[in-house]
Each structure stands twice: as C-alpha cells, then as structure tokens.
file input_36.cif (mmCIF, C-alpha atoms)
data_start
loop_
_atom_site.label_atom_id
_atom_site.label_comp_id
_atom_site.auth_asym_id
_atom_site.auth_seq_id
_atom_site.Cartn_x
_atom_site.Cartn_y
_atom_site.Cartn_z
CA MET A 230 29.67 -67.26 69.59
CA PRO A 231 26.90 -66.87 66.98
CA ILE A 232 25.63 -63.41 65.97
CA LEU A 233 22.12 -64.00 67.32
CA GLU A 234 20.09 -67.14 67.93
CA PHE A 235 16.75 -67.78 69.57
CA HIS A 236 15.94 -71.06 71.29
CA ALA A 237 12.69 -72.33 72.80
CA ILE A 238 14.05 -73.97 75.93
CA ASN A 239 11.74 -75.34 78.58
CA PRO A 240 12.60 -73.48 81.81
CA LEU A 241 11.44 -76.49 83.82
CA SER A 242 13.91 -78.86 82.21
CA ILE A 243 17.26 -77.18 82.87
CA ALA A 244 17.85 -79.38 85.92
CA SER A 245 15.68 -81.66 88.08
CA LEU A 246 12.07 -80.42 88.27
CA GLY A 247 12.45 -79.15 91.84
CA LEU A 248 15.65 -77.24 91.10
CA SER A 249 14.27 -75.89 87.82
CA LEU A 250 11.17 -74.66 89.63
CA PHE A 251 13.28 -73.01 92.33
CA PHE A 252 15.41 -71.39 89.63
CA LEU A 253 12.32 -70.10 87.82
CA LEU A 254 10.46 -68.85 90.91
CA ILE A 255 13.47 -67.04 92.35
CA HIS A 256 13.40 -64.73 89.32
CA ILE A 257 10.07 -63.28 90.53
CA PRO A 258 11.65 -61.34 93.44
CA ILE A 259 14.73 -60.56 91.34
CA VAL A 260 12.89 -58.88 88.45
CA GLY A 261 9.70 -58.06 90.37
CA GLY A 262 11.56 -56.36 93.23
CA PHE A 263 13.22 -53.83 90.95
CA GLY A 264 10.04 -53.38 88.89
CA ILE A 265 7.99 -52.70 92.02
CA ALA A 266 10.68 -50.27 93.22
CA ALA A 267 10.50 -48.34 89.93
CA TYR A 268 6.71 -48.19 90.24
CA TYR A 269 6.66 -46.97 93.86
CA VAL A 270 9.53 -44.50 93.51
CA ILE A 271 7.73 -42.62 90.73
CA LYS A 272 4.47 -42.79 92.71
CA TYR A 273 6.35 -41.39 95.74
CA LEU A 274 7.90 -38.58 93.66
CA ARG A 275 4.59 -37.58 92.05
CA ARG A 276 2.93 -37.54 95.45
CA PHE A 277 5.76 -35.79 97.29
CA TYR A 278 6.48 -33.10 94.71
CA GLY A 279 2.94 -32.71 93.35
CA GLN A 280 2.96 -29.82 90.86
CA ARG A 281 6.56 -28.89 91.67
CA PRO A 282 9.28 -30.18 89.33
CA ILE A 283 11.01 -33.39 90.41
CA PRO A 284 14.69 -32.62 91.20
CA LYS A 285 17.32 -33.99 88.83
CA GLU A 286 18.91 -36.30 91.45
CA TRP A 287 15.58 -38.00 92.08
CA LYS A 288 14.84 -38.33 88.34
CA LEU A 289 18.23 -39.98 87.87
CA PHE A 290 17.69 -42.27 90.86
CA TRP A 291 14.35 -43.36 89.42
CA LEU A 292 15.89 -43.90 85.97
CA ALA A 293 18.61 -46.01 87.63
CA ILE A 294 15.96 -48.31 89.09
CA VAL A 295 14.15 -48.51 85.72
CA TRP A 296 17.40 -49.48 83.96
CA ALA A 297 18.32 -51.87 86.77
CA THR A 298 14.95 -53.58 86.16
CA ILE A 299 15.82 -53.90 82.45
CA HIS A 300 19.24 -55.23 83.51
CA GLU A 301 17.64 -57.91 85.69
CA LEU A 302 15.09 -58.70 82.97
CA ILE A 303 17.68 -59.37 80.26
CA GLU A 304 19.49 -61.79 82.57
CA VAL A 305 16.54 -64.19 82.33
CA PRO A 306 16.94 -65.02 78.58
CA ILE A 307 20.72 -65.11 79.11
CA LEU A 308 20.52 -67.67 81.93
CA TYR A 309 17.89 -69.78 80.18
CA GLN A 310 19.78 -69.39 76.88
CA TRP A 311 16.56 -68.43 75.11
CA ILE A 312 18.70 -65.90 73.28
CA ILE A 313 22.41 -66.35 72.65
CA GLY A 314 24.89 -64.43 70.54
CA GLN A 315 27.06 -61.39 70.15
CA VAL A 316 24.10 -59.00 69.69
CA LEU A 317 22.72 -60.03 73.09
CA VAL A 318 26.11 -59.56 74.78
CA ILE A 319 26.44 -56.08 73.22
CA VAL A 320 22.90 -55.10 74.31
CA PHE A 321 23.63 -56.48 77.79
CA PHE A 322 26.86 -54.44 77.90
CA PHE A 323 25.03 -51.18 77.10
CA ILE A 324 22.23 -51.88 79.58
CA GLN A 325 24.79 -52.47 82.35
CA ILE A 326 26.68 -49.30 81.50
CA ILE A 327 23.54 -47.12 81.31
CA ALA A 328 22.09 -48.59 84.53
CA GLY A 329 25.43 -48.15 86.30
CA ILE A 330 25.87 -44.53 85.16
CA TYR A 331 22.35 -43.55 86.27
CA LEU A 332 22.81 -45.33 89.61
CA VAL A 333 26.14 -43.69 90.45
CA TRP A 334 25.10 -40.28 89.07
CA GLY A 335 21.73 -40.25 90.86
CA THR A 336 23.05 -41.39 94.24
CA TYR A 337 26.08 -39.08 93.93
CA LEU A 338 23.80 -36.06 93.38
CA LEU A 339 21.56 -37.12 96.28
CA ALA A 340 24.60 -37.39 98.55
CA LYS A 341 26.10 -34.15 97.22
CA LYS A 342 22.92 -32.17 97.80
CA TYR A 343 22.62 -33.19 101.43
CA THR A 344 26.20 -33.70 102.56
CA VAL A 345 28.70 -31.66 100.51
CA GLN A 346 27.91 -28.00 101.12
CA MET B 49 -1.75 -76.84 70.67
CA SER B 50 -2.41 -77.67 74.32
CA ILE B 51 -0.04 -76.45 77.03
CA LYS B 52 0.93 -80.04 77.76
CA SER B 53 1.99 -80.77 74.20
CA PHE B 54 3.70 -77.36 74.00
CA TRP B 55 5.96 -78.25 76.95
CA LYS B 56 6.47 -81.72 75.55
CA ASN B 57 7.68 -80.37 72.23
CA LEU B 58 10.20 -77.95 73.72
CA PRO B 59 13.83 -79.07 73.71
CA TYR B 60 14.93 -80.57 77.01
CA LEU B 61 18.44 -79.22 77.19
CA VAL B 62 19.86 -75.74 77.06
CA ILE B 63 22.51 -74.88 74.46
CA VAL B 64 25.38 -75.20 76.93
CA PRO B 65 23.87 -77.29 79.73
CA THR B 66 25.18 -76.80 83.22
CA ASN B 67 27.12 -79.56 84.90
CA PRO B 68 24.51 -81.78 86.67
CA ASN B 69 27.06 -82.48 89.43
CA PRO B 70 28.57 -79.06 90.16
CA SER B 71 31.42 -78.65 92.61
CA LEU B 72 31.08 -76.56 95.74
CA ILE B 73 33.31 -73.81 94.30
CA GLY B 74 33.92 -73.55 90.56
CA ILE B 75 36.60 -70.85 90.54
CA LYS B 76 39.08 -73.14 88.76
CA TYR B 77 36.75 -73.05 85.73
CA PHE B 78 36.73 -69.24 85.68
CA ASN B 79 37.59 -68.21 82.12
CA LEU B 80 37.44 -64.64 80.81
CA ASP B 81 37.30 -65.95 77.22
CA THR B 82 33.84 -67.47 77.64
CA PHE B 83 30.39 -66.18 78.59
CA MET B 84 27.75 -68.77 79.50
CA GLY B 85 30.01 -71.36 77.91
CA GLN B 86 30.24 -69.51 74.57
CA THR B 87 33.58 -68.22 73.28
CA LEU B 88 33.57 -64.41 73.44
CA GLY B 89 36.27 -63.51 70.90
CA TRP B 90 36.45 -59.73 70.40
CA LEU B 91 33.74 -59.21 73.01
CA LYS B 92 36.04 -60.41 75.80
CA TRP B 93 37.02 -56.96 77.12
CA PRO B 94 33.69 -55.14 76.59
CA THR B 95 31.97 -57.98 78.46
CA LEU B 96 34.43 -57.79 81.35
CA ILE B 97 34.15 -53.99 81.51
CA GLY B 98 30.33 -54.18 81.54
CA LEU B 99 30.18 -56.81 84.28
CA VAL B 100 32.79 -55.11 86.49
CA PHE B 101 31.15 -51.72 85.93
CA ALA B 102 27.75 -53.05 87.09
CA ALA B 103 29.24 -54.52 90.28
CA VAL B 104 31.30 -51.39 91.03
CA ALA B 105 28.28 -49.13 90.35
CA PHE B 106 26.22 -50.88 93.04
CA ILE B 107 29.12 -50.65 95.53
CA VAL B 108 29.64 -46.92 94.82
CA ALA B 109 25.86 -46.33 95.02
CA THR B 110 25.84 -48.01 98.45
CA TYR B 111 28.48 -45.55 99.63
CA TYR B 112 26.57 -42.54 98.30
CA ILE B 113 23.27 -43.74 99.79
CA VAL B 114 25.00 -43.98 103.19
CA GLN B 115 26.27 -40.41 102.70
CA TYR B 116 22.81 -39.21 101.62
CA THR B 117 20.94 -40.80 104.52
CA ARG B 118 23.51 -39.47 107.03
CA GLY B 119 23.27 -35.99 105.55
CA TYR B 120 19.51 -35.84 104.97
CA PHE B 121 18.39 -37.38 108.24
CA ALA B 122 21.29 -35.78 110.20
CA GLY B 123 20.92 -37.47 113.59
CA ARG B 124 17.25 -38.33 113.13
CA LYS B 125 16.21 -41.96 112.87
CA ILE B 126 16.72 -43.30 109.34
CA PRO B 127 13.34 -44.64 108.17
CA LYS B 128 12.72 -48.27 107.29
CA SER B 129 12.39 -47.36 103.60
CA TRP B 130 15.97 -46.12 103.21
CA LYS B 131 17.39 -48.90 105.38
CA PHE B 132 15.75 -51.42 103.05
CA ILE B 133 16.92 -49.60 99.90
CA LEU B 134 20.48 -49.32 101.26
CA TRP B 135 20.72 -53.01 102.16
CA GLY B 136 19.04 -53.96 98.88
CA VAL B 137 21.60 -52.04 96.82
CA PHE B 138 24.51 -53.45 98.86
CA ILE B 139 23.27 -57.05 98.60
CA THR B 140 22.67 -56.59 94.86
CA ALA B 141 26.35 -55.58 94.55
CA ILE B 142 27.25 -59.01 95.99
CA ALA B 143 24.84 -60.62 93.50
CA GLU B 144 26.51 -58.78 90.60
CA ILE B 145 29.87 -60.23 91.65
CA GLY B 146 28.33 -63.70 91.88
CA GLU B 147 26.73 -63.20 88.48
CA MET B 148 30.10 -62.38 86.95
CA LEU B 149 31.63 -65.53 88.44
CA ALA B 150 28.75 -67.72 87.25
CA TYR B 151 28.82 -66.33 83.68
CA TYR B 152 32.55 -66.97 83.38
CA GLU B 153 32.50 -70.38 85.09
CA TRP B 154 29.52 -71.73 83.15
CA PRO B 155 28.83 -74.66 82.64
CA ASN B 156 30.81 -75.53 85.78
CA ALA B 157 29.66 -72.72 88.05
CA GLY B 158 30.09 -73.76 91.70
CA LEU B 159 27.15 -74.18 94.06
CA ILE B 160 28.40 -71.33 96.27
CA GLU B 161 28.69 -68.92 93.33
CA THR B 162 25.31 -69.92 91.90
CA ASN B 163 23.29 -69.93 95.10
CA LEU B 164 25.03 -67.94 97.83
CA LEU B 165 26.52 -65.27 95.57
CA LEU B 166 24.08 -65.07 92.65
CA LEU B 167 20.50 -66.28 93.14
CA LEU B 168 19.85 -65.70 96.84
CA PRO B 169 21.48 -62.23 97.06
CA HIS B 170 19.72 -61.22 93.84
CA ALA B 171 16.34 -62.28 95.21
CA LEU B 172 17.00 -60.71 98.61
CA GLY B 173 18.38 -57.50 97.08
CA GLY B 174 15.43 -57.15 94.70
CA THR B 175 12.93 -57.82 97.50
CA LEU B 176 14.54 -55.27 99.83
CA ILE B 177 14.68 -52.55 97.16
CA GLY B 178 11.06 -53.24 96.18
CA LEU B 179 9.92 -53.14 99.82
CA GLY B 180 12.02 -50.05 100.51
CA ALA B 181 10.41 -48.16 97.64
CA TYR B 182 6.96 -49.32 98.81
CA PHE B 183 7.66 -48.02 102.35
CA LEU B 184 9.01 -44.78 100.88
CA TYR B 185 5.63 -44.23 99.25
CA LYS B 186 3.64 -45.40 102.27
CA GLU B 187 5.56 -43.05 104.58
CA ILE B 188 4.01 -40.02 102.88
CA THR B 189 0.51 -41.40 102.28
#
call {"tool": "encode", "arguments": {"input": "input_36.cif", "output": "structure tokens"}}
result
Amino acid sequence: MPILEFHAINPLSIASLGLSLFFLLIHIPIVGGFGIAAYYVIKYLRRFYGQRPIPKEWKLFWLAIVWATIHELIEVPILYQWIIGQVLVIVFFFIQIIAGIYLVWGTYLLAKKYTVQ
Amino acid sequence: MSIKSFWKNLPYLVIVPTNPNPSLIGIKYFNLDTFMGQTLGWLKWPTLIGLVFAAVAFIVATYYIVQYTRGYFAGRKIPKSWKFILWGVFITAIAEIGEMLAYYEWPNAGLIETNLLLLLPHALGGTLIGLGAYFLYKEIT
C-alpha cells in the first residue's frame, strides 16, 4: 500500500451509469443523515438547556454524532479510491476509535444517569 | 474547462476496480491482509481493531440507549425521536459489519454484503438518526 496517493476518479464511472448513480446518491442519506443529526441535536440542547450548562453526557452524545459524521464522510474517498494509502488508513483508524469512544461513553453516561441509581 | 470535458478527462477506472460480475456472497474472498484491495502490511491489526471497534461501539450504544429510554421515560410512551435514534444506531451497527466485510473482500465483495449489509443499512441508519434528531428538536419547539 502506498504512503498517500490522490486520484481524480469519476464517481459516475465505477460501474454502469445507473449503478454508479445509485452508489453516489445513496451517500446523501448516509453522510447527510448524521450531519443533520449533529445539527439538530445541538439545536435541541441549546433550546432545551438555554442558559444552563449542557450536561456532560449530552455533550459527549453530540460529539459522538459529530465524529460519526466525520467517520461516514471519510468513507466516501475510501470507497471511490480518491485517496489511498497508509496515511488514510491511519486517519480512518483514529476517527473510528474517537467516534466509538464518544458514542459508548455518551450513551453509557445517559443510561447511567437515568437507570443506575 | 467545461464540466463535460472535465468528466471526459477523468480516469474511467478506480485503482482497484470492483468485479463487474460480483457473486451473491463474497465471503470466500475475505482477506484480513488487504483493505480495498491494497495490501495492508503492518496496518493489518490496527485496521482490524478500528473496524471491529466501530461495529462494537454501535452495538454497545444501542444497548445503552435502550437502558436510557427505559429509565428516562419509565413507563411513559417513548417518543418517536428516540425510537428513530435507537433504530438508526442499531441499523448502523449492521452497516459497520457490512462495511468491514466489503473492505476486506474488495474487489470481490458480494452483492449481499455490498447492498443488504453496507449501503442500504447505512442509508437507512443515517436517515433514521437524522430524522430522530429532527423530531427531538421539534418536540420541544
């Protein structure tokens, strides 16, 4: 595997036009869904808590969604092979770990606060 | 440069092109030594750890969200927002497993892994989480 390479690959030519288009369009809900979630969760928290501080479990849950969005975003250049190489795999590794830690930590604290007394 | 000539000048094949006639299931091509058809070398174990960790994290998060909603709503009806978020996180866990299979099977990833385990669950999971967060906001406005 090379260290890092960039390639200008036409996303509409990876398979037949119909399949390539399907492949491209399906990434809108994948990346967009998480992005929209990050946007609305912070809007919800600002509205719900107002001037009060946002609790740690909710901050972590929001950060988990932000990092999950980054995780989904980096999968696009991986799948289209716009970027290939060891540097990308290392970056991908760290994004997955950070997103996973925030997700487990945030949801654990949410569950702990309301279930484990 | 016009858009038409821009597209025309782009290469027409990816670096490791996928098999144009994929099998239904490509598990026999599963190889931990490769990632998207590229040899991993020393990155074999970090890559595996990262991919497994992501899938496990979504499964564990599903469990904790169930615990949270049971505890927080305690007998009351769980709102649409949290139902959507819960299902979105769970379905994304399936997509993460499919993603792992597809990365390791590439360029011979099976149709089931690519579509039923990777693309469709990813799209559905993302949509549900996005909608869930939107409803979460709308429920207090």
call {"tool": "closest_atom_pairs", "arguments": {"input": "input_36.cif", "of": "chain B", "to": "chain A", "cutoff": "8 Å", "atoms": "only C-alpha atoms", "output": "Markdown table"}}
result
| residue | atom | partner | partner_atom | distance |
| --- | --- | --- | --- | --- |
| B:Trp55 | CA | A:Asn239 | CA | 6.7 |
| B:Leu58 | CA | A:Asn239 | CA | 5.7 |
| B:Pro59 | CA | A:Ile238 | CA | 5.6 |
| B:Tyr60 | CA | A:Ser242 | CA | 5.6 |
| B:Leu61 | CA | A:Ile243 | CA | 6.1 |
| B:Val62 | CA | A:Ile238 | CA | 6.2 |
| B:Ile63 | CA | A:Gln310 | CA | 6.6 |
| B:Pro65 | CA | A:Ile243 | CA | 7.3 |
| B:Thr66 | CA | A:Ile243 | CA | 7.9 |
| B:Pro68 | CA | A:Ala244 | CA | 7.1 |
| B:Met84 | CA | A:Leu308 | CA | 7.7 |
| B:Gln86 | CA | A:Met230 | CA | 5.5 |
| B:Thr87 | CA | A:Met230 | CA | 5.5 |
| B:Leu88 | CA | A:Met230 | CA | 6.2 |
| B:Gly89 | CA | A:Met230 | CA | 7.7 |
| B:Leu91 | CA | A:Gln315 | CA | 7.6 |
| B:Pro94 | CA | A:Phe322 | CA | 7.0 |
| B:Thr95 | CA | A:Phe322 | CA | 6.2 |
| B:Gly98 | CA | A:Phe322 | CA | 5.0 |
| B:Leu99 | CA | A:Gln325 | CA | 7.2 |
| B:Phe101 | CA | A:Ile326 | CA | 6.7 |
| B:Ala102 | CA | A:Gly329 | CA | 5.5 |
| B:Ala105 | CA | A:Gly329 | CA | 5.0 |
| B:Phe106 | CA | A:Gly329 | CA | 7.3 |
| B:Val108 | CA | A:Val333 | CA | 6.5 |
| B:Ala109 | CA | A:Val333 | CA | 5.3 |
| B:Tyr112 | CA | A:Thr336 | CA | 5.5 |
| B:Ile113 | CA | A:Thr336 | CA | 6.0 |
| B:Gln115 | CA | A:Ala340 | CA | 5.4 |
| B:Tyr116 | CA | A:Ala340 | CA | 4.0 |
| B:Thr117 | CA | A:Ala340 | CA | 7.8 |
| B:Arg118 | CA | A:Thr344 | CA | 7.8 |
| B:Gly119 | CA | A:Thr344 | CA | 4.8 |
| B:Tyr120 | CA | A:Tyr343 | CA | 5.4 |
| B:Leu167 | CA | A:Ile255 | CA | 7.1 |
| B:Leu168 | CA | A:Ile255 | CA | 7.9 |
| B:His170 | CA | A:Ile259 | CA | 5.6 |
| B:Ala171 | CA | A:Ile259 | CA | 4.5 |
| B:Leu172 | CA | A:Pro258 | CA | 7.5 |
| B:Gly173 | CA | A:Ile259 | CA | 7.5 |
| B:Gly174 | CA | A:Gly262 | CA | 4.2 |
| B:Thr175 | CA | A:Gly262 | CA | 4.7 |
| B:Leu176 | CA | A:Gly262 | CA | 7.3 |
| B:Ile177 | CA | A:Ala266 | CA | 6.1 |
| B:Gly178 | CA | A:Ala266 | CA | 4.2 |
| B:Leu179 | CA | A:Ala266 | CA | 7.2 |
| B:Gly180 | CA | A:Ala266 | CA | 7.4 |
| B:Ala181 | CA | A:Ala266 | CA | 4.9 |
| B:Tyr182 | CA | A:Tyr269 | CA | 5.5 |
| B:Leu184 | CA | A:Tyr273 | CA | 6.7 |
| B:Tyr185 | CA | A:Tyr273 | CA | 4.6 |
| B:Ile188 | CA | A:Phe277 | CA | 7.2 |
call {"tool": "atom_distance", "arguments": {"input": "input_36.cif", "atom1": "atom CA of B:Asn79", "atom2": "atom CA of A:Leu248"}}
result
25.4 Å
call {"tool": "atom_distance", "arguments": {"input": "input_36.cif", "atom1": "atom CA of B:Phe78", "atom2": "atom CA of B:Ala150"}}
result
8.3 Å
call {"tool": "residues_near_point", "arguments": {"input": "input_36.cif", "point": "(26.7, -66.8, 100.4)", "cutoff": "12 Å", "atoms": "all atoms listed in the file", "output": "list in words"}}
result
Leu72, Ile73, Ile139, Ile142, Ala143, Ile145, Gly146, Gly158, Leu159, Ile160, Glu161, Thr162, Asn163, Leu164, Leu165, Leu166, Leu167, Leu168, Pro169, His170 and Leu172 of chain B
call {"tool": "write_last_selection", "arguments": {"input": "input_36.cif", "atoms": "C-alpha atoms", "output": "tab-separated table (two decimals), in the frame of the given file"}}
result
chain	number	residue	atom	x	y	z
B	72	LEU	CA	31.08	-76.56	95.74
B	73	ILE	CA	33.31	-73.81	94.30
B	139	ILE	CA	23.27	-57.05	98.60
B	142	ILE	CA	27.25	-59.01	95.99
B	143	ALA	CA	24.84	-60.62	93.50
B	145	ILE	CA	29.87	-60.23	91.65
B	146	GLY	CA	28.33	-63.70	91.88
B	158	GLY	CA	30.09	-73.76	91.70
B	159	LEU	CA	27.15	-74.18	94.06
B	160	ILE	CA	28.40	-71.33	96.27
B	161	GLU	CA	28.69	-68.92	93.33
B	162	THR	CA	25.31	-69.92	91.90
B	163	ASN	CA	23.29	-69.93	95.10
B	164	LEU	CA	25.03	-67.94	97.83
B	165	LEU	CA	26.52	-65.27	95.57
B	166	LEU	CA	24.08	-65.07	92.65
B	167	LEU	CA	20.50	-66.28	93.14
B	168	LEU	CA	19.85	-65.70	96.84
B	169	PRO	CA	21.48	-62.23	97.06
B	170	HIS	CA	19.72	-61.22	93.84
B	172	LEU	CA	17.00	-60.71	98.61
call {"tool": "atom_distance", "arguments": {"input": "input_36.cif", "atom1": "atom CA of A:Phe290", "atom2": "atom CA of B:Glu144"}}
result
18.7 Å
